[in-house]
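Visitor: Input: one structure, supplied below.
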Amino acid sequence: MPLPFLTADRAFDATDDVALPFDDHDEWRRPYRPGPWRVGAAALALLLASFVLFAAVIIAAAGGMGGAAATFGLAALIIVAALRMLRVGTWVSRHGVRRVGFFSTTTVAWPRVTELRTAQQPVRWLGLPRTVQGQALVLVRQGGEQVALLTDHNADFLSRIEAFDRAADTVEAWNAEYGVAVPAATR
C-alpha cells in the first residue's frame with residue numbers, strides 16, 4: 001500500500017510542472033536534504049539530552065534543586081546545539097544565498113554574486129581542520145572574496161557525490177534565475 005504523504009520526494013515525482021501551493025520563492029529553503037552524518041550527530045546529541053533530562057529529574061526528585069536546575073540547563077544547551085546543527089548549511093531564496101554556520105550566518109544578495117562555480121580544491125573533511133582534495137561550490141562576491149558554500153566532504157555530502165552535484169546545480173539554477181547576468185568579457 002503506497003503512502004505518498006510519507007515521502008519527502010513527492011514534490012519531485014510530480015509529472016506536471018505546476019508550482020505547488022507551498023512553493024514560495026520568498027521563503028528561505030535548503031536546496032538539498034541534510035546528510036546522514038549531520039542527522040546522525042544531531043540524533044546522538046538529542047539522545048544524550050534525553051539522558052541528561054532523566055538525570056535532572058532524578059536529581060530534582062532527590063531534592064537537589066540547584067543541581068537539577070544546572071542539569072536542566074545543560075540539557076537545554078545540548079538540545080539547542082542539536083537543532084542548530086540541523087540548521088547549518090546553504091539556504092536560497094529570491095533574495096539571495098545564505099550560508100548558515102554553527103555560530104554565524106552570512107547572507108549574500110544575488111546581485112552581489114559575481115560568479116558561482118564548482119571547483120577542485122582542498123576542502124575540510126566533516127568541518128574538521130584536516131583537509132582533503134575535493135569539490136566545492138565557490139561563490140565569488142563583488143570585490144573578489146570567495147566563499148565555499150558546499151563541499152563534497154562536509155556532513156551533508158560525504159560519500160554522496162550525486163547529491164552534491166544536484167545541490168550545486170540547484171544553487172547555480174537559483175543564481176541563474178535571480179542573479180544579475182555578468183557578461184563573459186568582464187569576468
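Each chain in the C-alpha cells gets a letter, A, B, ..., in the order shown, and its residues are numbered from 1; ligands are numbered from 1 in order too.
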From a backbone DSSP assignment, name each residue in range 23-182 of chain A labelled strand (DSSP E or B), as a PyMOL selection string.
Guide: chain A and resi 29+89-93+96-100+105-109+113-124+131-141+146-151
Visitor: Write out as a list of chain:residue names each polymer residue whose atoms come within 10 Å of Gly35 in chain A, counting only C-alpha atoms; drop sequence neighbours fewer than 2 positions from it.
Guide: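 The filter keeps A:Tyr32, A:Arg33, A:Trp37, A:Arg38, A:Val39, A:Gly40, A:Leu86, A:Asn154, A:Ala155, A:Asp156, A:Phe157, A:Leu158, A:Ser159, A:Arg160, A:Ala163.
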Visitor: The selected residues should be written to file as a CSV table (one decimal), in the first residue's frame (atoms: all heavy atoms).
Guide:
```
chain,number,residue,atom,x,y,z
A,32,TYR,N,18.7,21.0,-0.7
A,32,TYR,CA,19.1,19.6,-0.5
A,32,TYR,C,18.7,19.1,0.9
A,32,TYR,O,18.3,19.9,1.7
A,32,TYR,CB,20.6,19.4,-0.7
A,32,TYR,CG,21.4,20.3,0.3
A,32,TYR,CD1,21.8,19.8,1.5
A,32,TYR,CD2,21.8,21.6,0.0
A,32,TYR,CE1,22.5,20.6,2.4
A,32,TYR,CE2,22.5,22.4,0.8
A,32,TYR,CZ,22.8,21.9,2.1
A,32,TYR,OH,23.6,22.6,2.9
A,33,ARG,N,18.7,17.8,1.0
A,33,ARG,CA,18.4,17.3,2.4
A,33,ARG,C,19.6,17.2,3.2
A,33,ARG,O,20.7,17.0,2.8
A,33,ARG,CB,17.9,15.8,2.2
A,33,ARG,CG,16.5,15.8,1.6
A,33,ARG,CD,16.0,14.3,1.7
A,33,ARG,NE,14.9,14.1,0.8
A,33,ARG,CZ,14.8,13.2,-0.1
A,33,ARG,NH1,15.8,12.3,-0.2
A,33,ARG,NH2,13.8,13.1,-0.8
A,37,TRP,N,25.4,12.1,8.1
A,37,TRP,CA,26.3,12.5,9.2
A,37,TRP,C,25.8,13.6,10.1
A,37,TRP,O,25.9,13.5,11.3
A,37,TRP,CB,27.7,12.9,8.6
A,37,TRP,CG,28.4,11.7,8.0
A,37,TRP,CD1,28.4,11.3,6.7
A,37,TRP,CD2,29.3,10.9,8.7
A,37,TRP,NE1,29.2,10.3,6.5
A,37,TRP,CE2,29.8,9.9,7.7
A,37,TRP,CE3,29.7,10.8,10.0
A,37,TRP,CZ2,30.7,8.9,8.1
A,37,TRP,CZ3,30.6,9.8,10.3
A,37,TRP,CH2,31.1,8.9,9.4
A,38,ARG,N,25.2,14.5,9.5
A,38,ARG,CA,24.6,15.7,10.2
A,38,ARG,C,23.4,15.2,11.0
A,38,ARG,O,23.2,15.5,12.2
A,38,ARG,CB,24.2,16.8,9.3
A,38,ARG,CG,23.7,18.0,10.0
A,38,ARG,CD,23.4,19.2,9.1
A,38,ARG,NE,24.5,19.4,8.2
A,38,ARG,CZ,25.6,20.1,8.5
A,38,ARG,NH1,25.8,20.5,9.7
A,38,ARG,NH2,26.5,20.3,7.5
A,39,VAL,N,22.5,14.4,10.4
A,39,VAL,CA,21.3,13.9,11.1
A,39,VAL,C,21.7,12.9,12.2
A,39,VAL,O,21.2,13.0,13.3
A,39,VAL,CB,20.3,13.3,10.1
A,39,VAL,CG1,19.2,12.6,10.8
A,39,VAL,CG2,19.8,14.3,9.1
A,40,GLY,N,22.7,12.1,12.0
A,40,GLY,CA,23.1,11.1,13.0
A,40,GLY,C,23.8,11.8,14.2
A,40,GLY,O,23.5,11.4,15.3
A,86,LEU,N,21.4,20.9,12.9
A,86,LEU,CA,20.5,20.6,11.8
A,86,LEU,C,20.2,21.8,10.8
A,86,LEU,O,19.9,21.6,9.7
A,86,LEU,CB,19.2,20.0,12.3
A,86,LEU,CG,19.2,18.6,12.9
A,86,LEU,CD1,17.9,18.3,13.5
A,86,LEU,CD2,19.7,17.6,11.9
A,154,ASN,N,31.6,17.6,3.4
A,154,ASN,CA,31.0,18.0,4.6
A,154,ASN,C,30.0,17.0,5.1
A,154,ASN,O,29.8,16.0,4.5
A,154,ASN,CB,30.4,19.5,4.4
A,154,ASN,CG,29.2,19.5,3.5
A,154,ASN,OD1,28.7,18.5,3.1
A,154,ASN,ND2,28.8,20.7,3.3
A,155,ALA,N,29.3,17.4,6.2
A,155,ALA,CA,28.4,16.4,6.8
A,155,ALA,C,27.2,16.1,6.0
A,155,ALA,O,26.5,15.1,6.3
A,155,ALA,CB,28.0,16.9,8.2
A,156,ASP,N,26.9,16.9,5.0
A,156,ASP,CA,25.7,16.7,4.2
A,156,ASP,C,26.0,15.8,3.0
A,156,ASP,O,25.2,15.1,2.4
A,156,ASP,CB,25.1,18.0,3.7
A,156,ASP,CG,24.5,18.8,4.8
A,156,ASP,OD1,23.8,18.1,5.7
A,156,ASP,OD2,24.7,20.0,4.9
A,157,PHE,N,27.3,15.8,2.5
A,157,PHE,CA,27.6,15.2,1.2
A,157,PHE,C,28.7,14.2,1.2
A,157,PHE,O,29.1,13.7,0.2
A,157,PHE,CB,27.9,16.2,0.1
A,157,PHE,CG,26.8,17.2,-0.1
A,157,PHE,CD1,26.9,18.5,0.3
A,157,PHE,CD2,25.6,16.8,-0.6
A,157,PHE,CE1,25.9,19.4,0.1
A,157,PHE,CE2,24.5,17.7,-0.8
A,157,PHE,CZ,24.7,19.0,-0.4
A,158,LEU,N,29.2,13.8,2.4
A,158,LEU,CA,30.3,12.8,2.5
A,158,LEU,C,29.8,11.5,1.9
A,158,LEU,O,28.8,11.0,2.4
A,158,LEU,CB,30.8,12.7,3.9
A,158,LEU,CG,32.0,11.8,4.1
A,158,LEU,CD1,33.2,12.4,3.4
A,158,LEU,CD2,32.3,11.6,5.5
A,159,SER,N,30.4,11.0,0.9
A,159,SER,CA,30.1,9.7,0.2
A,159,SER,C,28.8,9.8,-0.5
A,159,SER,O,28.1,8.8,-0.8
A,159,SER,CB,30.0,8.6,1.2
A,159,SER,OG,31.2,8.4,1.9
A,160,ARG,N,28.3,11.0,-0.9
A,160,ARG,CA,27.1,11.3,-1.7
A,160,ARG,C,27.4,12.3,-2.8
A,160,ARG,O,26.9,13.4,-2.8
A,160,ARG,CB,26.0,11.8,-0.8
A,160,ARG,CG,25.6,10.9,0.4
A,160,ARG,CD,24.6,11.5,1.3
A,160,ARG,NE,23.4,11.9,0.6
A,160,ARG,CZ,22.7,13.0,0.9
A,160,ARG,NH1,23.1,13.8,1.9
A,160,ARG,NH2,21.7,13.3,0.2
A,163,ALA,N,24.4,13.6,-4.8
A,163,ALA,CA,23.6,14.6,-4.0
A,163,ALA,C,24.3,16.0,-4.1
A,163,ALA,O,23.7,17.0,-4.2
A,163,ALA,CB,23.4,14.2,-2.6
```
Visitor: For each of A:Arg30, A:Ala41, A:Leu53, A:His25, take the minimum atom-to-atom distance to Ala81 in chain A, counting only C-alpha atoms, then give the residue where this is smallest.
Guide: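 Nearest to Ala81 in chain A: A:Ala41.
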Visitor: Hey, what does DSSP flag as alpha helix (DSSP H) within range 103-187 of chain A? Can you give it to me as number ranges by chain?
Guide: A: 161-178
Visitor: Please save C-alpha atoms of the selected residues as a short mmCIF file (atom, residue, chain, number, x, y, z; two decimals), in the first residue's frame.
Guide:
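Just written: result.cif:
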```cif
data_model
loop_
_atom_site.label_atom_id
_atom_site.label_comp_id
_atom_site.auth_asym_id
_atom_site.auth_seq_id
_atom_site.Cartn_x
_atom_site.Cartn_y
_atom_site.Cartn_z
CA ILE A 161 28.66 12.74 -4.81
CA GLU A 162 25.38 12.66 -6.76
CA ALA A 163 23.62 14.62 -4.03
CA PHE A 164 26.42 17.21 -4.05
CA ASP A 165 26.12 17.58 -7.83
CA ARG A 166 22.32 18.03 -7.60
CA ALA A 167 22.63 20.59 -4.80
CA ALA A 168 25.34 22.54 -6.65
CA ASP A 169 23.25 22.53 -9.83
CA THR A 170 20.21 23.73 -7.88
CA VAL A 171 22.07 26.63 -6.27
CA GLU A 172 23.52 27.55 -9.68
CA ALA A 173 19.99 27.46 -11.14
CA TRP A 174 18.77 29.85 -8.42
CA ASN A 175 21.68 32.14 -9.29
CA ALA A 176 20.84 31.93 -12.99
CA GLU A 177 17.21 32.82 -12.27
CA TYR A 178 17.65 35.62 -9.73
#
```
Visitor: Provide the CA of Leu46 in chain A to CA of Glu27 in chain A distance in Å, to one decimal place.
Guide: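 Taking CA of Leu46 in chain A and CA of Glu27 in chain A, their separation equals 27.4 Å.
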Visitor: Arg87 in chain A: which residues within 9 Å, counting only C-alpha atoms, same-chain residues fewer than 2 positions away excluded, as a list in words?
Guide: Pro34, Ala82, Leu83, Arg84, Met85, Gly89, Val100, Gly101 and Phe102 of chain A
Visitor: Please provide the set of residues having any atom within 7 Å of Arg117 in chain A, restricted to only C-alpha atoms, with same-chain residues fewer than 3 positions apart removed, written as a list in words.
Guide: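 Returned residues: Leu137, Val138 and Leu139 of chain A.
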Visitor: Give me, as a ChimeraX atom specification, all polymer residues having an atom no more than 6 Å from Arg99 in chain A, counting only C-alpha atoms and skipping those fewer than 5 positions away in the same chain.
Guide: /A:89-90,105-106
Visitor: Could you jot down the CA of Phe103 in chain A to CA of Gln120 in chain A separation for me, Å, one decimal place?
Guide: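 CA of Gln120 in chain A lies 26.5 Å from CA of Phe103 in chain A.
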Visitor: Which residue, A:Ala148, A:Ala119, A:Leu77, A:Val88, has the smallest gap to Arg29 in chain A when you use only C-alpha atoms?
Guide: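 Result for the nearest residue to Arg29 in chain A: A:Val88.
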